[in-house]
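Data file: run_8.cif. Format and content: mmCIF, C-alpha atoms.
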```cif
data_model
#
loop_
_atom_site.label_atom_id
_atom_site.label_comp_id
_atom_site.auth_asym_id
_atom_site.auth_seq_id
_atom_site.Cartn_x
_atom_site.Cartn_y
_atom_site.Cartn_z
CA MET Y 22 -121.56 19.89 95.53
CA SER Y 23 -122.59 19.58 91.86
CA GLU Y 24 -122.36 22.60 89.52
CA LYS Y 25 -126.14 22.56 89.06
CA ARG Y 26 -126.72 22.86 92.82
CA LYS Y 27 -124.12 25.65 93.10
CA ILE Y 28 -125.86 27.71 90.38
CA LEU Y 29 -129.30 27.11 91.90
CA GLY Y 30 -127.95 28.04 95.30
CA LEU Y 31 -126.54 31.32 94.00
CA LEU Y 32 -129.85 32.20 92.32
CA LEU Y 33 -131.77 31.46 95.51
CA VAL Y 34 -129.43 33.57 97.64
CA LEU Y 35 -130.01 36.50 95.28
CA ILE Y 36 -133.80 36.36 95.39
CA MET Y 37 -134.44 34.71 98.78
CA PRO Y 38 -134.87 38.01 100.71
CA VAL Y 39 -138.06 38.84 98.85
CA LEU Y 40 -139.52 35.35 98.30
CA PRO Y 41 -141.61 35.19 101.50
CA ALA Y 42 -143.38 38.36 100.37
CA PHE Y 43 -144.81 36.63 97.30
CA SER Y 44 -147.04 34.27 99.23
CA GLN Y 45 -150.31 33.59 97.45
CA HIS Y 46 -152.17 33.73 100.75
CA ASP Y 47 -154.00 36.95 101.57
CA PHE Y 48 -151.18 39.31 102.55
CA ILE Y 49 -153.35 42.08 104.05
CA LYS Y 50 -153.04 42.00 107.84
CA LYS Y 51 -155.76 44.27 109.23
CA THR Y 52 -156.28 47.28 106.97
CA ARG Y 53 -154.56 48.32 103.75
CA GLY Y 54 -152.39 50.69 105.76
CA GLY Y 55 -148.81 49.45 105.58
CA VAL Y 56 -148.94 47.98 102.08
CA PHE Y 57 -145.61 48.60 100.32
CA SER Y 58 -145.44 48.52 96.51
CA LEU Y 59 -142.61 48.84 94.02
CA GLY Y 60 -143.06 50.01 90.47
CA ASN Y 61 -141.73 51.56 87.32
CA ARG Y 62 -143.02 54.58 85.47
CA THR Y 63 -142.95 56.14 82.03
CA THR Y 64 -143.61 59.86 81.72
CA LEU Y 65 -144.74 62.05 78.87
CA SER Y 66 -144.43 65.81 79.43
CA THR Y 67 -146.34 68.19 77.19
CA PHE Y 68 -147.05 71.91 77.02
CA ASN Y 69 -143.70 72.75 78.55
CA ASP Y 70 -143.77 76.42 79.50
CA GLY Y 71 -147.00 76.79 77.55
CA LYS Y 72 -145.55 75.58 74.28
CA SER Y 73 -147.29 72.48 72.96
CA GLY Y 74 -144.39 71.62 70.66
CA ASN Y 75 -141.97 71.11 73.52
CA ARG Y 76 -142.43 67.54 74.59
CA GLY Y 77 -140.38 65.38 76.89
CA MET Y 78 -140.29 61.66 77.44
CA GLY Y 79 -138.90 59.89 80.44
CA ALA Y 80 -138.63 56.80 82.58
CA GLY Y 81 -138.16 56.19 86.26
CA GLY Y 82 -139.17 54.25 89.33
CA GLN Y 83 -141.37 54.63 92.34
CA PHE Y 84 -142.54 53.01 95.53
CA ARG Y 85 -145.82 53.39 97.40
CA LEU Y 86 -146.53 53.17 101.10
CA GLN Y 87 -150.23 53.07 101.87
CA LEU Y 88 -151.24 54.80 105.08
CA SER Y 89 -154.88 53.71 105.36
CA ASN Y 90 -157.66 52.14 103.29
CA ARG Y 91 -158.20 55.37 101.32
CA LEU Y 92 -154.88 57.16 101.65
CA ASN Y 93 -151.71 56.18 99.81
CA THR Y 94 -148.35 57.86 99.23
CA GLU Y 95 -146.16 57.58 96.15
CA TRP Y 96 -142.42 58.39 96.13
CA PHE Y 97 -140.84 58.70 92.70
CA ALA Y 98 -137.83 59.63 90.63
CA ASP Y 99 -137.79 60.08 86.89
CA TYR Y 100 -135.54 61.35 84.13
CA LEU Y 101 -136.89 63.08 81.03
CA THR Y 102 -135.33 64.39 77.83
CA GLY Y 103 -136.98 66.63 75.28
CA ASN Y 104 -136.66 69.52 72.91
CA GLU Y 105 -136.75 73.19 73.78
CA GLY Y 106 -137.79 74.83 70.56
CA THR Y 107 -135.95 73.68 67.46
CA LEU Y 108 -132.39 74.65 68.36
CA ALA Y 109 -132.07 73.54 71.99
CA ASN Y 110 -132.81 70.51 74.14
CA ARG Y 111 -133.57 69.95 77.79
CA VAL Y 112 -133.11 67.29 80.42
CA ASP Y 113 -135.36 67.23 83.50
CA ALA Y 114 -134.99 65.10 86.58
CA HIS Y 115 -137.74 64.90 89.18
CA ILE Y 116 -137.58 63.45 92.65
CA GLY Y 117 -140.67 63.82 94.75
CA TRP Y 118 -143.76 62.48 96.44
CA SER Y 119 -147.53 62.57 96.10
CA VAL Y 120 -150.44 61.80 98.38
CA MET Y 121 -153.22 59.79 96.75
CA TYR Y 122 -156.82 59.71 97.95
CA TYR Y 123 -159.13 56.96 96.70
CA LEU Y 124 -162.56 58.24 95.73
CA ALA Y 125 -164.33 55.09 96.88
CA ALA Y 126 -163.69 53.09 100.03
CA PRO Y 127 -162.23 49.72 99.02
CA LYS Y 128 -164.05 46.54 99.92
CA ASP Y 129 -162.32 43.29 100.89
CA LYS Y 130 -161.33 42.75 97.26
CA LEU Y 131 -159.89 45.57 95.15
CA PRO Y 132 -162.14 46.59 92.25
CA LEU Y 133 -160.97 46.34 88.64
CA PHE Y 134 -160.78 50.15 88.34
CA GLN Y 135 -159.89 52.37 91.26
CA PRO Y 136 -159.89 56.14 90.65
CA TYR Y 137 -158.02 58.60 92.84
CA ILE Y 138 -156.91 62.17 93.10
CA LEU Y 139 -153.35 63.10 93.99
CA ALA Y 140 -151.23 66.08 94.90
CA GLY Y 141 -147.65 66.47 95.93
CA HIS Y 142 -144.31 68.14 95.67
CA CYS Y 143 -141.02 67.46 93.93
CA PHE Y 144 -137.56 68.81 93.37
CA ASP Y 145 -136.83 69.49 89.71
CA TYR Y 146 -133.43 69.71 88.04
CA ALA Y 147 -133.41 71.19 84.53
CA HIS Y 148 -130.50 71.43 82.11
CA LEU Y 149 -131.06 73.32 78.85
CA GLU Y 150 -128.46 73.31 76.12
CA GLU Y 151 -128.12 74.64 72.58
CA ASN Y 152 -127.87 71.75 70.09
CA LEU Y 153 -125.03 73.25 68.07
CA ASN Y 154 -123.08 74.80 70.95
CA LYS Y 155 -122.80 72.70 74.12
CA GLN Y 156 -121.07 75.62 75.86
CA ASN Y 157 -124.31 77.62 75.69
CA TYR Y 158 -126.39 76.11 78.46
CA ALA Y 159 -128.34 76.91 81.60
CA GLU Y 160 -129.29 74.73 84.56
CA ARG Y 161 -131.12 75.07 87.82
CA TRP Y 162 -132.64 73.20 90.74
CA SER Y 163 -136.09 74.27 91.77
CA SER Y 164 -139.12 73.14 93.68
CA ALA Y 165 -142.46 72.27 92.09
CA VAL Y 166 -145.95 71.19 93.09
CA GLN Y 167 -148.13 68.84 91.11
CA ALA Y 168 -151.77 67.77 91.30
CA GLY Y 169 -154.07 65.67 89.20
CA THR Y 170 -156.09 62.53 88.93
CA GLY Y 171 -155.42 58.90 88.19
CA MET Y 172 -156.78 55.40 87.91
CA HIS Y 173 -155.50 52.00 89.03
CA TYR Y 174 -156.33 49.14 86.70
CA ASN Y 175 -156.01 46.26 89.19
CA LEU Y 176 -154.85 43.32 87.09
CA SER Y 177 -154.72 41.24 90.27
CA GLN Y 178 -155.00 41.92 93.99
CA ARG Y 179 -151.27 42.75 94.07
CA PHE Y 180 -150.51 44.05 90.56
CA ASP Y 181 -151.82 47.27 89.05
CA LEU Y 182 -151.36 49.34 85.94
CA SER Y 183 -151.81 53.01 86.90
CA ALA Y 184 -152.36 56.02 84.68
CA THR Y 185 -152.20 59.57 85.98
CA ILE Y 186 -152.46 63.03 84.55
CA GLN Y 187 -150.98 65.87 86.58
CA TYR Y 188 -150.11 69.51 86.15
CA MET Y 189 -146.78 70.56 87.63
CA ILE Y 190 -146.11 74.20 88.56
CA HIS Y 191 -142.60 75.39 89.22
CA LEU Y 192 -141.79 77.45 92.29
CA GLY Y 193 -138.68 79.60 92.33
CA THR Y 194 -136.41 79.98 89.32
CA ASP Y 195 -137.63 78.79 85.94
CA ILE Y 196 -135.53 78.73 82.79
CA HIS Y 197 -136.52 78.54 79.16
CA ALA Y 198 -134.95 79.16 75.78
CA GLU Y 199 -135.70 82.05 73.47
CA GLN Y 200 -134.74 81.97 69.82
CA GLN Y 201 -134.17 85.01 67.62
CA ASP Y 202 -133.23 83.91 64.08
CA ALA Y 203 -130.58 81.26 64.86
CA VAL Y 204 -129.46 82.73 68.17
CA VAL Y 205 -130.45 80.86 71.33
CA THR Y 206 -130.62 82.68 74.66
CA PHE Y 207 -131.55 81.10 77.99
CA VAL Y 208 -133.73 83.22 80.26
CA LYS Y 209 -134.01 82.71 84.01
CA GLU Y 210 -137.14 83.96 85.71
CA THR Y 211 -137.77 83.90 89.44
CA GLY Y 212 -141.12 83.77 91.19
CA LEU Y 213 -144.25 81.69 90.78
CA SER Y 214 -145.42 80.99 87.27
CA LEU Y 215 -148.56 79.12 86.33
CA GLU Y 216 -146.89 77.72 83.23
CA GLY Y 217 -145.42 74.33 83.81
CA HIS Y 218 -145.66 70.79 82.50
CA LEU Y 219 -148.68 68.66 81.84
CA LEU Y 220 -147.48 65.19 82.78
CA PHE Y 221 -148.91 61.81 81.79
CA ASN Y 222 -147.61 58.83 83.75
CA LEU Y 223 -148.08 55.15 83.13
CA SER Y 224 -146.77 52.81 85.80
CA LEU Y 225 -146.76 49.15 86.73
CA ASN Y 226 -146.77 48.45 90.46
CA TYR Y 227 -146.57 45.33 92.58
CA LYS Y 228 -147.62 45.09 96.24
CA ILE Y 229 -144.70 43.43 97.93
CA ILE Y 230 -145.68 43.24 101.61
CA ASP Y 231 -148.00 44.59 104.30
CA LEU Y 232 -145.64 46.14 106.82
CA TRP Y 233 -148.11 46.67 109.68
CA MET R 30 -157.77 31.96 97.94
CA GLN R 31 -154.59 30.26 96.67
CA ALA R 32 -153.86 30.64 92.96
CA GLN R 33 -153.88 27.43 90.95
CA ASN R 34 -150.39 26.09 90.29
CA ILE R 35 -150.31 25.70 86.49
CA ASN R 36 -147.17 24.00 85.22
CA GLY R 37 -144.93 25.58 87.87
CA TYR R 38 -146.67 28.99 88.13
CA PRO R 39 -146.56 30.79 90.53
CA GLY R 40 -142.96 30.65 91.67
CA LEU R 41 -141.55 30.01 88.20
CA LEU R 42 -138.19 31.63 87.43
CA ARG R 43 -137.39 32.00 83.71
CA THR R 44 -134.28 33.16 81.91
CA SER R 45 -132.72 33.05 78.49
CA LEU R 46 -129.92 34.47 76.36
CA THR R 47 -130.50 34.73 72.64
CA ILE R 48 -129.77 36.73 69.50
CA ALA R 49 -132.32 39.41 68.58
CA PRO R 50 -132.45 41.31 65.29
CA GLY R 51 -133.76 44.86 65.52
CA ARG R 52 -135.00 47.27 62.85
CA LEU R 53 -134.78 51.06 63.33
CA LEU R 54 -138.17 52.09 61.95
CA ASP R 55 -137.25 55.73 61.24
CA HIS R 56 -133.99 54.94 59.43
CA GLY R 57 -134.57 51.60 57.72
CA GLN R 58 -131.47 50.06 59.31
CA SER R 59 -131.10 46.70 61.04
CA TYR R 60 -128.87 45.80 63.96
CA ILE R 61 -128.20 42.58 65.85
CA TYR R 62 -128.42 42.38 69.65
CA LEU R 63 -127.63 39.86 72.34
CA HIS R 64 -130.83 39.68 74.40
CA GLY R 65 -131.03 38.33 77.93
CA PHE R 66 -133.88 38.37 80.41
CA LEU R 67 -134.79 37.20 83.91
CA GLU R 68 -138.44 36.73 84.85
CA LEU R 69 -140.17 35.72 88.08
CA PHE R 70 -143.82 34.73 88.51
CA PRO R 71 -145.01 35.90 91.94
CA GLU R 72 -148.53 35.00 90.77
CA ALA R 73 -149.94 32.58 88.23
CA HIS R 74 -150.71 35.20 85.58
CA VAL R 75 -148.28 38.03 86.41
CA SER R 76 -144.52 38.17 86.02
CA LEU R 77 -141.88 40.71 86.99
CA ARG R 78 -139.13 40.97 84.48
CA GLY R 79 -135.84 42.61 83.50
CA ASP R 80 -134.32 42.64 80.00
CA ILE R 81 -131.01 43.68 78.54
CA TYR R 82 -130.21 44.18 74.84
CA GLN R 83 -126.58 44.68 73.83
CA MET R 84 -125.90 45.67 70.21
CA VAL R 85 -123.09 43.65 68.61
CA THR R 86 -123.05 45.02 65.02
CA PRO R 87 -121.90 48.66 64.98
CA GLN R 88 -122.35 50.40 61.64
CA THR R 89 -120.92 53.48 59.98
CA ALA R 90 -123.69 54.09 57.43
CA GLY R 91 -127.04 55.79 58.08
CA VAL R 92 -127.58 56.78 61.72
CA GLY R 93 -124.31 54.95 62.40
CA LEU R 94 -124.85 53.46 65.85
CA LYS R 95 -121.56 52.57 67.48
CA GLN R 96 -122.97 51.47 70.84
CA ASN R 97 -126.55 50.75 71.86
CA THR R 98 -127.54 49.03 75.09
CA HIS R 99 -131.10 48.85 76.43
CA LEU R 100 -131.75 48.10 80.12
CA LEU R 101 -135.46 47.52 80.70
CA TYR R 102 -137.56 46.56 83.74
CA GLY R 103 -141.25 45.92 84.07
CA ALA R 104 -143.95 43.32 84.16
CA ALA R 105 -146.15 41.17 81.97
CA ILE R 106 -149.56 39.55 82.17
CA HIS R 107 -149.95 35.98 80.98
CA HIS R 108 -152.68 33.86 79.47
CA ASN R 109 -151.10 30.56 80.48
CA LYS R 110 -152.77 27.19 80.28
CA GLY R 111 -150.97 23.86 80.50
CA ILE R 112 -147.72 24.14 78.59
CA SER R 113 -148.79 27.21 76.61
CA ASP R 114 -148.21 30.82 77.68
CA LEU R 115 -149.23 33.89 75.69
CA TYR R 116 -148.12 37.15 77.28
CA ALA R 117 -147.82 40.91 76.87
CA GLY R 118 -146.06 43.53 78.94
CA LEU R 119 -144.73 47.01 79.41
CA GLU R 120 -141.12 47.86 80.27
CA PRO R 121 -139.56 51.28 80.56
CA GLY R 122 -135.87 51.65 81.06
CA ILE R 123 -132.75 53.41 79.92
CA SER R 124 -130.60 53.15 76.79
CA PHE R 125 -126.90 53.88 76.50
CA THR R 126 -126.44 55.06 72.93
CA GLN R 127 -123.51 56.40 70.93
CA THR R 128 -123.12 57.06 67.21
CA GLN R 129 -119.94 57.27 65.14
CA THR R 130 -119.95 61.09 65.51
CA LEU R 131 -121.91 61.75 68.73
CA PRO R 132 -120.95 60.93 72.33
CA ILE R 133 -122.62 58.35 74.52
CA ASN R 134 -125.97 59.52 75.89
CA PHE R 135 -128.36 58.12 78.49
CA LEU R 136 -131.84 57.97 77.00
CA PRO R 137 -135.14 57.26 78.76
CA THR R 138 -136.83 54.41 76.92
CA TRP R 139 -140.11 52.64 76.98
CA SER R 140 -141.18 49.42 75.30
CA VAL R 141 -144.17 47.15 74.87
CA PHE R 142 -143.82 43.49 74.04
CA THR R 143 -145.76 40.35 73.35
CA GLY R 144 -144.72 36.76 72.96
CA TYR R 145 -145.38 33.08 73.40
CA HIS R 146 -143.69 30.40 75.52
CA LEU R 147 -144.12 26.67 75.01
CA SER R 148 -142.87 24.55 77.90
CA VAL R 149 -141.26 21.54 76.27
CA TRP R 150 -139.92 20.07 79.53
CA LYS R 151 -139.98 20.93 83.21
CA TYR R 152 -136.82 23.05 82.88
CA PHE R 153 -136.90 24.22 79.25
CA ASN R 154 -139.17 26.20 76.97
CA LEU R 155 -139.22 27.51 73.44
CA PHE R 156 -140.23 31.11 73.00
CA ALA R 157 -140.76 33.84 70.43
CA GLU R 158 -141.23 37.51 71.24
CA ALA R 159 -141.69 40.85 69.49
CA ARG R 160 -140.97 44.21 71.10
CA LEU R 161 -141.61 47.80 70.05
CA LEU R 162 -139.10 50.11 71.70
CA SER R 163 -139.16 53.88 71.63
CA THR R 164 -136.40 56.29 72.50
CA ARG R 165 -134.64 59.27 70.97
CA TYR R 166 -131.15 60.65 71.01
CA SER R 167 -131.46 64.19 72.27
CA ARG R 168 -128.63 66.73 72.32
CA ALA R 169 -127.73 66.08 68.68
CA PRO R 170 -126.80 69.14 66.56
CA GLU R 171 -129.77 68.52 64.28
CA GLY R 172 -132.17 68.05 67.22
CA ASN R 173 -133.66 64.76 68.39
CA ILE R 174 -132.82 61.56 66.51
CA ARG R 175 -135.71 59.13 66.72
CA LEU R 176 -134.60 55.58 67.49
CA ASN R 177 -137.91 53.69 67.43
CA GLU R 178 -137.09 50.03 66.97
CA LEU R 179 -138.83 46.72 66.36
CA LEU R 180 -136.99 43.80 67.99
CA PHE R 181 -137.59 40.12 67.57
CA SER R 182 -136.29 37.30 69.82
CA ALA R 183 -136.72 33.58 69.73
CA GLY R 184 -134.96 30.61 71.18
CA LEU R 185 -134.58 28.21 74.05
CA GLY R 186 -135.38 29.37 77.56
CA PHE R 187 -134.51 27.90 80.93
CA GLN R 188 -137.07 27.74 83.76
CA VAL R 189 -136.94 26.69 87.39
CA PRO R 190 -140.13 25.88 89.37
CA LEU R 191 -139.11 27.39 92.70
CA LYS R 192 -142.30 26.28 94.47
CA LYS R 193 -141.40 22.63 93.94
CA LEU R 194 -137.69 23.01 94.61
CA CYS R 195 -137.44 25.22 97.64
CA CYS R 196 -140.20 27.71 98.20
CA PRO R 197 -143.65 26.26 98.95
CA GLN R 198 -144.91 29.66 100.08
CA PHE R 199 -145.70 30.58 96.48
#
```
What's the structure tokens form of this structure?
Amino acid sequence: MSEKRKILGLLLVLIMPVLPAFSQHDFIKKTRGGVFSLGNRTTLSTFNDGKSGNRGMGAGGQFRLQLSNRLNTEWFADYLTGNEGTLANRVDAHIGWSVMYYLAAPKDKLPLFQPYILAGHCFDYAHLEENLNKQNYAERWSSAVQAGTGMHYNLSQRFDLSATIQYMIHLGTDIHAEQQDAVVTFVKETGLSLEGHLLFNLSLNYKIIDLW
Amino acid sequence: MQAQNINGYPGLLRTSLTIAPGRLLDHGQSYIYLHGFLELFPEAHVSLRGDIYQMVTPQTAGVGLKQNTHLLYGAAIHHNKGISDLYAGLEPGISFTQTQTLPINFLPTWSVFTGYHLSVWKYFNLFAEARLLSTRYSRAPEGNIRLNELLFSAGLGFQVPLKKLCCPQF
């Protein structure tokens, strides 16, 4: 077998499992329930713990499994880094899910813009650390709930650019940094607090297959 | 309705490996990267894509990057007609960055890019692309180090029309 055919064969073996899903024929079977999408996401976190100067930026991935014509679910993981005041930094990791409800019933063809509301839950890992002293740190796992609104910009019937804005409230232990002169102290607080993150997400998603 | 097959789209698989200069906008320093990408067109005007940039010129002056690798994944939309293809896209990802004095750190990254492909033969194209990449090194003693970068790539690309070769379902 020639070298060219060997290389082509290897490439095809790597991508063959997903090729049938990219058929240009209408991939919707009966309803939009069962549509599975894969996507990436970028995240901007602002107003951390009520402080507008504490911003975080992150990236991650997600998949969606649509349950019906107007109900979709989104399952995501992302990783954010940011500052905590001027002398400390923080890393946040989220893994969670949201339920999305489309405000208008879709017709046979998806509209150019498709607004929705969403709400969900996630697990949140936070690691806060003093910039000048790595030994001075605090970390915790906690649970959080998020809710907000979003919009799909349907670039094609299978490809969308989505923008969401959500507010995330931590449940359980929350940690933040307090600075007095040049001394950094990490404070852990338990209970429900209404201060959290305001999150902006931008994602690109592709509908791979209609599972049922 | 089936999408029109324009010059191998949909079902076109593209790849390339080239040299890409990059300019750190906040520090006025330039670095050289090896840039590789793999791109698949599931539709005529949409591609899914992954990129990797590996820095090959560590420096000791200025911000002093010793290691900088960007792994990016995303998609692009294309205005393609005949042999011409103008495109733009969005790719987040992760960077593995180390300076001469600071340890390696994993940094969330996002980038936007635009470019142009000219198909010169069934299997080859010439391309030029510009990318704005944004990330920052957190956990530095002085706080966050901004590493916003402008990258430029150009060169010869390789493309395979899968629809014609093996996969008529495109």
Name the residues in contact with region 157-170 of chain Y at a cut-off of 7 Å, using only C-alpha atoms, excluding same-chain residues fewer than 5 positions from it; report them as a PyMOL selection string. chain Y and resi 137-151+185-194+207
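Shortest atom-to-atom contact with chain R among Y:Leu131, Y:Leu124, Y:Leu59, Y:Ala198: Y:Leu59, counting only C-alpha atoms.
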Could you tell me which residues the PyMOL selection byres ((chain Y) within 8 of (chain R)) grabs in this file, written as an MDAnalysis selection string? chainID Y and resid 40:41 43:47 60:63 78:81 100:104 107:110 150:153 180 225
File of the preceding selection, C-alpha atoms, as a tab-separated table (two decimals), keeping the file's coordinate frame:
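Saved file part-v7.tsv follows:
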```
chain	number	residue	atom	x	y	z
Y	40	LEU	CA	-139.52	35.35	98.30
Y	41	PRO	CA	-141.61	35.19	101.50
Y	43	PHE	CA	-144.81	36.63	97.30
Y	44	SER	CA	-147.04	34.27	99.23
Y	45	GLN	CA	-150.31	33.59	97.45
Y	46	HIS	CA	-152.17	33.73	100.75
Y	47	ASP	CA	-154.00	36.95	101.57
Y	60	GLY	CA	-143.06	50.01	90.47
Y	61	ASN	CA	-141.73	51.56	87.32
Y	62	ARG	CA	-143.02	54.58	85.47
Y	63	THR	CA	-142.95	56.14	82.03
Y	78	MET	CA	-140.29	61.66	77.44
Y	79	GLY	CA	-138.90	59.89	80.44
Y	80	ALA	CA	-138.63	56.80	82.58
Y	81	GLY	CA	-138.16	56.19	86.26
Y	100	TYR	CA	-135.54	61.35	84.13
Y	101	LEU	CA	-136.89	63.08	81.03
Y	102	THR	CA	-135.33	64.39	77.83
Y	103	GLY	CA	-136.98	66.63	75.28
Y	104	ASN	CA	-136.66	69.52	72.91
Y	107	THR	CA	-135.95	73.68	67.46
Y	108	LEU	CA	-132.39	74.65	68.36
Y	109	ALA	CA	-132.07	73.54	71.99
Y	110	ASN	CA	-132.81	70.51	74.14
Y	150	GLU	CA	-128.46	73.31	76.12
Y	151	GLU	CA	-128.12	74.64	72.58
Y	152	ASN	CA	-127.87	71.75	70.09
Y	153	LEU	CA	-125.03	73.25	68.07
Y	180	PHE	CA	-150.51	44.05	90.56
Y	225	LEU	CA	-146.76	49.15	86.73
```
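Using only C-alpha atoms, the contacts of Ala157 (chain R) at a cut-off of 9 Å, with sequence neighbours closer than 4 positions omitted, comprise Thr143, Gly144, Tyr145, His146, Phe181, Ser182, Ala183 and Gly184 of chain R.
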Would you save the residues from that selection as a JSON list (two decimals), in the frame of the given file, using C-alpha atoms?
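What follows is the written file part.json:
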```
[["chain", "number", "residue", "atom", "x", "y", "z"],
["R", 143, "THR", "CA", -145.76, 40.35, 73.35],
["R", 144, "GLY", "CA", -144.72, 36.76, 72.96],
["R", 145, "TYR", "CA", -145.38, 33.08, 73.40],
["R", 146, "HIS", "CA", -143.69, 30.40, 75.52],
["R", 181, "PHE", "CA", -137.59, 40.12, 67.57],
["R", 182, "SER", "CA", -136.29, 37.30, 69.82],
["R", 183, "ALA", "CA", -136.72, 33.58, 69.73],
["R", 184, "GLY", "CA", -134.96, 30.61, 71.18]]
```
Please, what distance in Å, to one decimal, runs between CA of Ser177 (chain Y) and CA of His99 (chain R)? 28.4 Å
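CA of Leu176 (chain Y) lies 22.9 Å from CA of Pro190 (chain R).
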